[in-house]
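Q: Attaching a single structure in structure tokens format; questions to follow.
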Amino acid sequence: MLSFASYYGDHMVLQREPAGAVVWGYGEPGATVTVTLSRDGGIAMKKTALVRGPSGTWTTVLDPMAPGGPYVLAAGQGSANVTLRDIYFGDVWLCSGQSNMAMTVLQVANASQELAAAARYPHVRLFAAARSLSHQELEDLEGIDLPWSIPTAENLGHGNFTFFSAVCWLLGRHLHEALGYPMGLVEAAWGGTPIEAWSSRRALRACGLLAPTGSPSPHPSGPQTSSVLWNAMIHPLLNMTLRGVAWYQGEGNALLHTELYSCTFPALVADWRRAFHAGSAGQTEPLLPFGFVQLSGYRGQSPDDAFARLRWHQTADAGVVPNARLPRTFMAVAMDLGDERSPYGSIHPRDKQSVAHRLLLGALAVAYGQQDVVFQGPFPTGAVLGASGAVLNLTYSQELRWHRGAAPAFQVCCSSPCRWLPAPVVAVVARRVTLALPGCGTMVLGLRYAWAQWPCDYQACALYNAQGLPAPPCLLQTLPARGTPGGTELLLLPSAGA
């Protein structure tokens, strides 16, 4: 009867210092379990835990451990013993979302090279939860697709949309290279799923979603019902001490509660943080770093600007993160990574290397506090409407690189109700963009950039910074602030709707 919980096993990574790793399992109610951590035959730590009834579970928190290994982790109760070997301490990242997170290394660009490199990273360990749903919160996972494993070409490329997640693997590999210690990667993803399925009922109530929700699609590719994936694939993991979360989801909400995403996504982030902090006895930090991927371009059929609106709502209608509603988050902009020729459809771009690199920059800056890392693209900070009304001069947060052959990207609103008109780029110098206005006169009410399902071709959006990061899409209200010798200075305010 004595055992560890389902997601503990040989080859696993437990969270390193300053946190303590939570270890739990099952035993005889009322009995005492002794947990021992040893290395090279010597005992490094010993803990005891009482088995609670009627669940028959025991839990202990290990003392904070420096990165490294290998260790042996054993649990004993009377004459019964269970032993886990080749255990390392490092950072544990949870990777979740829908099909772009589930895409395996087998499916990405340069897949053969990526798979061949697997053997060079024996200290990046992999675990994948099986796809499972439940209408009640589960204590443990119902199934495992990949138990804790050392990476190989076979388990990184098991098949299409199975395991192991390319985005998760590449991010973990990059973090291992940058930081030098072990990484444990936990995949819990399911294609075709909306955010509501990954959200607890508590989080959904915060956004006014009280009744079960479903998809308008007659043939959904994954579960659509509220909370069923939270219940079966996330709630069982709450005792795990984590270092961060990577999230790639949103396509499933281009047709379902799109306008609510600016509530449901911040609510999910806040709720997961609260739940993981509580479930780990306070070891997972309250503001758990949370990275996500903004939607790429899409050539398929959906409302004309559904992807554009969803991208904006992914930032809680602020345009950039972290912000007040999404603190300690980071975002990989992916709208310039569209892949029309993807054999999996344009909704599944194959360049996951660029996605993972952009996530890495955000993780280093936000999760690991490396203040010299540039992880955000340029964003407009000010505007001056020329005295004649013929030009609008925008000031950006960073030095700009202009892709002259890019598709037209800027639009302005000069009337109420809004009719968006193209505003061609005339010049880009340093941090300034000059736009030609289409007869707006002295009234500009709004500005938007890259507001389209398919904003640009591959790595060919209009504006980047010196590090090659794209300017994210924006939707801004403009309000007259004061007159200047060159025209009227405008306040730029994020807008809640298009």
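In the structure tokens, chains take the letters A, B, ... in the order shown, each chain's residues start at 1, and ligands count up from 1 in the order shown.
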Which residues, written as a short mmCIF file (atom, residue, chain, number, x, y, z; two decimals) with C-alpha atoms, in the first residue's frame, have at least one atom at most 10 Å from Ala232 (chain A), with only C-alpha atoms counted and residues fewer than 3 positions away on the same chain left out?
A:
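The resulting file, result14.cif, is reproduced below:
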```cif
data_model
loop_
_atom_site.label_atom_id
_atom_site.label_comp_id
_atom_site.auth_asym_id
_atom_site.auth_seq_id
_atom_site.Cartn_x
_atom_site.Cartn_y
_atom_site.Cartn_z
CA ALA A 129 0.58 13.80 -17.86
CA ALA A 130 -1.93 11.79 -19.88
CA ARG A 131 -4.90 13.60 -21.33
CA SER A 132 -7.72 13.17 -18.87
CA LEU A 133 -10.89 14.99 -17.84
CA SER A 134 -13.03 14.95 -14.73
CA HIS A 135 -16.10 16.72 -13.44
CA GLN A 136 -14.63 16.65 -9.92
CA GLU A 137 -11.25 17.81 -8.63
CA LEU A 138 -8.91 14.81 -8.50
CA GLU A 139 -6.22 14.26 -5.89
CA ASP A 140 -3.80 12.48 -8.23
CA LEU A 141 -3.31 12.00 -11.96
CA GLU A 142 -5.42 9.32 -13.63
CA GLY A 143 -2.72 8.52 -16.17
CA ALA A 188 -0.02 18.91 -19.20
CA TRP A 198 -8.26 24.73 -17.62
CA SER A 227 -13.00 23.06 -15.35
CA VAL A 228 -12.68 19.45 -16.57
CA LEU A 229 -8.94 19.78 -17.32
CA HIS A 235 -5.43 20.09 -9.52
CA PRO A 236 -3.53 16.79 -8.97
CA LEU A 237 -0.21 18.65 -9.43
#
```
Q: Quick one: which region 265-361 of chain A residues come within 7 Å of region 238-254 of chain A, and what is the nearest atom pair for each with the distance in Å to one decimal, counting only C-alpha atoms, rows ordered by chain and ascending number, as JSON lines?
A:
```
{"residue": "A:Ala275", "atom": "CA", "partner": "A:Leu238", "partner_atom": "CA", "distance": 6.5}
{"residue": "A:Phe276", "atom": "CA", "partner": "A:Leu238", "partner_atom": "CA", "distance": 4.8}
{"residue": "A:Gly279", "atom": "CA", "partner": "A:Asn239", "partner_atom": "CA", "distance": 4.6}
{"residue": "A:Ser280", "atom": "CA", "partner": "A:Asn239", "partner_atom": "CA", "distance": 4.5}
{"residue": "A:Gln283", "atom": "CA", "partner": "A:Thr241", "partner_atom": "CA", "distance": 6.0}
{"residue": "A:Thr284", "atom": "CA", "partner": "A:Thr241", "partner_atom": "CA", "distance": 5.1}
{"residue": "A:Leu288", "atom": "CA", "partner": "A:Gly244", "partner_atom": "CA", "distance": 5.8}
{"residue": "A:Pro289", "atom": "CA", "partner": "A:Gly244", "partner_atom": "CA", "distance": 4.8}
{"residue": "A:Phe290", "atom": "CA", "partner": "A:Val245", "partner_atom": "CA", "distance": 4.8}
{"residue": "A:Gly291", "atom": "CA", "partner": "A:Ala246", "partner_atom": "CA", "distance": 4.7}
{"residue": "A:Phe292", "atom": "CA", "partner": "A:Trp247", "partner_atom": "CA", "distance": 4.5}
{"residue": "A:Val293", "atom": "CA", "partner": "A:Tyr248", "partner_atom": "CA", "distance": 5.2}
{"residue": "A:Leu295", "atom": "CA", "partner": "A:Gly250", "partner_atom": "CA", "distance": 6.9}
{"residue": "A:Ala306", "atom": "CA", "partner": "A:Ala254", "partner_atom": "CA", "distance": 5.3}
{"residue": "A:Phe307", "atom": "CA", "partner": "A:Ala254", "partner_atom": "CA", "distance": 6.0}
{"residue": "A:Leu310", "atom": "CA", "partner": "A:Ala254", "partner_atom": "CA", "distance": 6.4}
```
Q: With only C-alpha atoms as the basis for distance, which of A:Glu187, A:Ile144, A:Tyr26, A:Ser6 is at the shortest distance from Ala166 (chain A)?
A: A:Glu187
Q: Could you pull out the helix (DSSP H, G or I) residues of region 333-437 of chain A, going by DSSP on the backbone, and write them as a list in words?
A: Lys352, Gln353, Ser354, Val355, Ala356, His357, Arg358, Leu359, Leu360, Leu361, Gly362, Ala363, Leu364, Ala365, Val366 and Ala367 of chain A
Q: May I have all residues of region 104-299 of chain A that DSSP, computed from the backbone, assigns to strand (DSSP E or B), given as JSON, numbers by chain?
A: {"A": [104, 124, 125, 126, 127, 128, 129, 144, 145, 146, 147, 148, 149, 165, 183, 184, 185, 186, 187, 188, 189, 244, 245, 246, 247, 248, 290, 291, 292, 293]}
Q: For the residues in the current selection, export N, CA and C atoms as an mmCIF file, in the first residue's frame.
A:
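Heads up, here's the output in part.cif:
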```
data_model
loop_
_atom_site.group_PDB
_atom_site.id
_atom_site.type_symbol
_atom_site.label_atom_id
_atom_site.label_comp_id
_atom_site.auth_asym_id
_atom_site.auth_seq_id
_atom_site.Cartn_x
_atom_site.Cartn_y
_atom_site.Cartn_z
ATOM 1 N N THR A 104 4.980 18.211 -30.750
ATOM 2 C CA THR A 104 6.201 17.576 -30.272
ATOM 3 C C THR A 104 7.416 18.048 -31.077
ATOM 4 N N VAL A 124 18.176 17.573 -18.237
ATOM 5 C CA VAL A 124 16.852 18.147 -18.467
ATOM 6 C C VAL A 124 15.890 16.961 -18.499
ATOM 7 N N ARG A 125 15.045 16.854 -17.495
ATOM 8 C CA ARG A 125 14.214 15.666 -17.339
ATOM 9 C C ARG A 125 12.771 15.969 -17.745
ATOM 10 N N LEU A 126 12.090 14.946 -18.247
ATOM 11 C CA LEU A 126 10.777 15.114 -18.879
ATOM 12 C C LEU A 126 9.712 14.296 -18.170
ATOM 13 N N PHE A 127 8.506 14.873 -18.081
ATOM 14 C CA PHE A 127 7.336 14.161 -17.554
ATOM 15 C C PHE A 127 6.110 14.682 -18.294
ATOM 16 N N ALA A 128 5.235 13.790 -18.727
ATOM 17 C CA ALA A 128 4.010 14.204 -19.428
ATOM 18 C C ALA A 128 2.800 13.516 -18.827
ATOM 19 N N ALA A 129 1.850 14.327 -18.357
ATOM 20 C CA ALA A 129 0.585 13.795 -17.859
ATOM 21 C C ALA A 129 -0.268 13.333 -19.040
ATOM 22 N N ILE A 144 -0.459 8.668 -16.954
ATOM 23 C CA ILE A 144 0.809 9.304 -17.303
ATOM 24 C C ILE A 144 1.199 8.840 -18.698
ATOM 25 N N ASP A 145 1.479 9.782 -19.584
ATOM 26 C CA ASP A 145 1.968 9.424 -20.919
ATOM 27 C C ASP A 145 3.457 9.137 -20.913
ATOM 28 N N LEU A 146 4.212 9.941 -20.169
ATOM 29 C CA LEU A 146 5.661 9.766 -20.105
ATOM 30 C C LEU A 146 6.102 9.918 -18.657
ATOM 31 N N PRO A 147 6.478 8.826 -17.976
ATOM 32 C CA PRO A 147 7.026 8.986 -16.624
ATOM 33 C C PRO A 147 8.354 9.727 -16.694
ATOM 34 N N TRP A 148 8.824 10.190 -15.561
ATOM 35 C CA TRP A 148 10.078 10.961 -15.554
ATOM 36 C C TRP A 148 11.153 10.221 -16.348
ATOM 37 N N SER A 149 11.737 10.949 -17.310
ATOM 38 C CA SER A 149 12.658 10.319 -18.260
ATOM 39 C C SER A 149 13.814 11.239 -18.599
ATOM 40 N N SER A 165 6.401 17.995 -25.575
ATOM 41 C CA SER A 165 6.168 19.347 -26.071
ATOM 42 C C SER A 165 7.463 20.009 -26.537
ATOM 43 N N MET A 183 16.905 20.833 -14.956
ATOM 44 C CA MET A 183 15.555 21.337 -15.197
ATOM 45 C C MET A 183 14.592 20.160 -15.263
ATOM 46 N N GLY A 184 13.479 20.281 -14.566
ATOM 47 C CA GLY A 184 12.406 19.300 -14.654
ATOM 48 C C GLY A 184 11.225 19.909 -15.383
ATOM 49 N N LEU A 185 10.778 19.259 -16.444
ATOM 50 C CA LEU A 185 9.725 19.798 -17.303
ATOM 51 C C LEU A 185 8.502 18.908 -17.220
ATOM 52 N N VAL A 186 7.371 19.503 -16.878
ATOM 53 C CA VAL A 186 6.121 18.768 -16.693
ATOM 54 C C VAL A 186 5.120 19.264 -17.732
ATOM 55 N N GLU A 187 4.714 18.386 -18.646
ATOM 56 C CA GLU A 187 3.750 18.750 -19.693
ATOM 57 C C GLU A 187 2.349 18.293 -19.305
ATOM 58 N N ALA A 188 1.400 19.228 -19.382
ATOM 59 C CA ALA A 188 -0.024 18.912 -19.199
ATOM 60 C C ALA A 188 -0.780 19.750 -20.217
ATOM 61 N N ALA A 189 -0.993 19.190 -21.402
ATOM 62 C CA ALA A 189 -1.571 19.948 -22.513
ATOM 63 C C ALA A 189 -2.562 19.080 -23.270
ATOM 64 N N GLY A 244 8.124 27.822 -12.179
ATOM 65 C CA GLY A 244 7.439 28.680 -13.144
ATOM 66 C C GLY A 244 6.470 27.898 -14.004
ATOM 67 N N VAL A 245 5.685 28.642 -14.785
ATOM 68 C CA VAL A 245 4.692 28.076 -15.708
ATOM 69 C C VAL A 245 4.919 28.670 -17.088
ATOM 70 N N ALA A 246 4.809 27.824 -18.114
ATOM 71 C CA ALA A 246 4.774 28.285 -19.507
ATOM 72 C C ALA A 246 3.434 27.862 -20.091
ATOM 73 N N TRP A 247 2.749 28.800 -20.748
ATOM 74 C CA TRP A 247 1.364 28.601 -21.190
ATOM 75 C C TRP A 247 1.253 28.998 -22.655
ATOM 76 N N TYR A 248 0.680 28.096 -23.477
ATOM 77 C CA TYR A 248 0.456 28.402 -24.895
ATOM 78 C C TYR A 248 -0.969 27.970 -25.213
ATOM 79 N N PHE A 290 5.007 33.416 -14.614
ATOM 80 C CA PHE A 290 4.047 32.831 -15.556
ATOM 81 C C PHE A 290 4.321 33.412 -16.942
ATOM 82 N N GLY A 291 4.869 32.584 -17.824
ATOM 83 C CA GLY A 291 5.141 33.005 -19.191
ATOM 84 C C GLY A 291 4.085 32.467 -20.142
ATOM 85 N N PHE A 292 3.839 33.195 -21.228
ATOM 86 C CA PHE A 292 2.841 32.733 -22.200
ATOM 87 C C PHE A 292 3.226 33.198 -23.594
ATOM 88 N N VAL A 293 2.610 32.564 -24.573
ATOM 89 C CA VAL A 293 2.864 32.870 -25.978
ATOM 90 C C VAL A 293 1.651 33.594 -26.546
#
```
Q: Kindly give the distance, in Å, that separates CA of Pro438 (chain A) and CA of Asn465 (chain A), rounded to a single decimal.
A: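 Atom-to-atom, CA of Pro438 (chain A) to CA of Asn465 (chain A), that is 27.0 Å.
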Q: Between CA of Gly42 (chain A) and CA of Gly9 (chain A), what distance in Å does the model show, to one decimal?
A: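 According to the coordinates, CA of Gly42 (chain A) and CA of Gly9 (chain A) are separated by 20.4 Å.
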Q: Would you mind reading off the distance between CA of Ala406 (chain A) and CA of Val333 (chain A), one decimal, in Å?
A: 16.9 Å
Q: Skip Gly338 (chain A) itself and residues of its chain fewer than 6 positions away, then list as a list in words all residues within 7 Å of it, counting only C-alpha atoms.
A: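 Close residues of Gly338 (chain A): Ser296, Gly297, Tyr298, Ser346, Pro349, Asp457 and Tyr458 of chain A.
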Q: I'd like the neighbourhood of region 473-479 of chain A as an MDAnalysis selection string, where a residue qualifies if any of its atoms comes within 10 Å (using only C-alpha atoms), though same-chain residues fewer than 4 positions away should be ignored.
A: chainID A and resid 294 308:309 311:312 317:320 333 335 379:380 382:383 409:413 443:452 455 488:498
Q: Identify which of the residues A:Ser79, A:Gln459, A:Gln371, A:Gln15 lies closest to Ala66 (chain A), counting only C-alpha atoms when measuring atom-to-atom distances.
A: A:Gln15
Q: What's the 7 Å shell around Ala80 (chain A), counting only C-alpha atoms, without same-chain residues fewer than 3 positions away, as a list in words?
A: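 Contacts, with the query itself left out: Leu2, Gly76 and Gln77 of chain A.
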Q: Would you mind exporting C-alpha atoms of the selected residues as a PDB file, in the first residue's frame?
A:
```
ATOM      1  CA  LEU A   2       2.956   2.324   0.581  1.00  0.00           C
ATOM      2  CA  GLY A  76       9.480   3.438   4.572  1.00  0.00           C
ATOM      3  CA  GLN A  77       6.518   2.287   6.656  1.00  0.00           C
TER       4      GLN A  77
END
```
Q: Restricting the calculation to only C-alpha atoms, which member of A:Gly180, A:Gly20, A:Gly487, A:Pro151 is positioned closest to Thr442 (chain A)?
A: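 Smallest distance to Thr442 (chain A) is found for A:Gly487.
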Q: Using only C-alpha atoms, which protein or nucleic acid residues come within 12 Å of Trp402 (chain A)? Drop anything in the same chain fewer than 3 positions from it, and give the result as a PyMOL selection string.
A: chain A and resi 378+399+405-407+409+425-434+459-466+468-471
Q: Excluding Gly56 (chain A) and any residue of its chain fewer than 5 positions from it, enumerate the residues within 8 Å of it, using only C-alpha atoms, and give them as a VMD selection string.
A: chain A and resid 26 to 29 51
Q: For the residues in the current selection, export N, CA and C atoms as an mmCIF file, in the first residue's frame.
A:
```
data_model
loop_
_atom_site.group_PDB
_atom_site.id
_atom_site.type_symbol
_atom_site.label_atom_id
_atom_site.label_comp_id
_atom_site.auth_asym_id
_atom_site.auth_seq_id
_atom_site.Cartn_x
_atom_site.Cartn_y
_atom_site.Cartn_z
ATOM 1 N N TYR A 26 1.067 7.618 -0.555
ATOM 2 C CA TYR A 26 -0.020 6.880 0.078
ATOM 3 C C TYR A 26 0.548 5.870 1.074
ATOM 4 N N GLY A 27 -0.225 5.606 2.117
ATOM 5 C CA GLY A 27 0.194 4.629 3.116
ATOM 6 C C GLY A 27 -0.984 4.167 3.946
ATOM 7 N N GLU A 28 -0.680 3.415 5.000
ATOM 8 C CA GLU A 28 -1.697 2.881 5.899
ATOM 9 C C GLU A 28 -2.150 3.979 6.847
ATOM 10 N N PRO A 29 -3.451 4.363 6.841
ATOM 11 C CA PRO A 29 -3.906 5.463 7.708
ATOM 12 C C PRO A 29 -3.482 5.263 9.155
ATOM 13 N N VAL A 51 0.397 9.323 8.110
ATOM 14 C CA VAL A 51 -0.576 9.025 7.054
ATOM 15 C C VAL A 51 -1.963 9.450 7.538
#
```
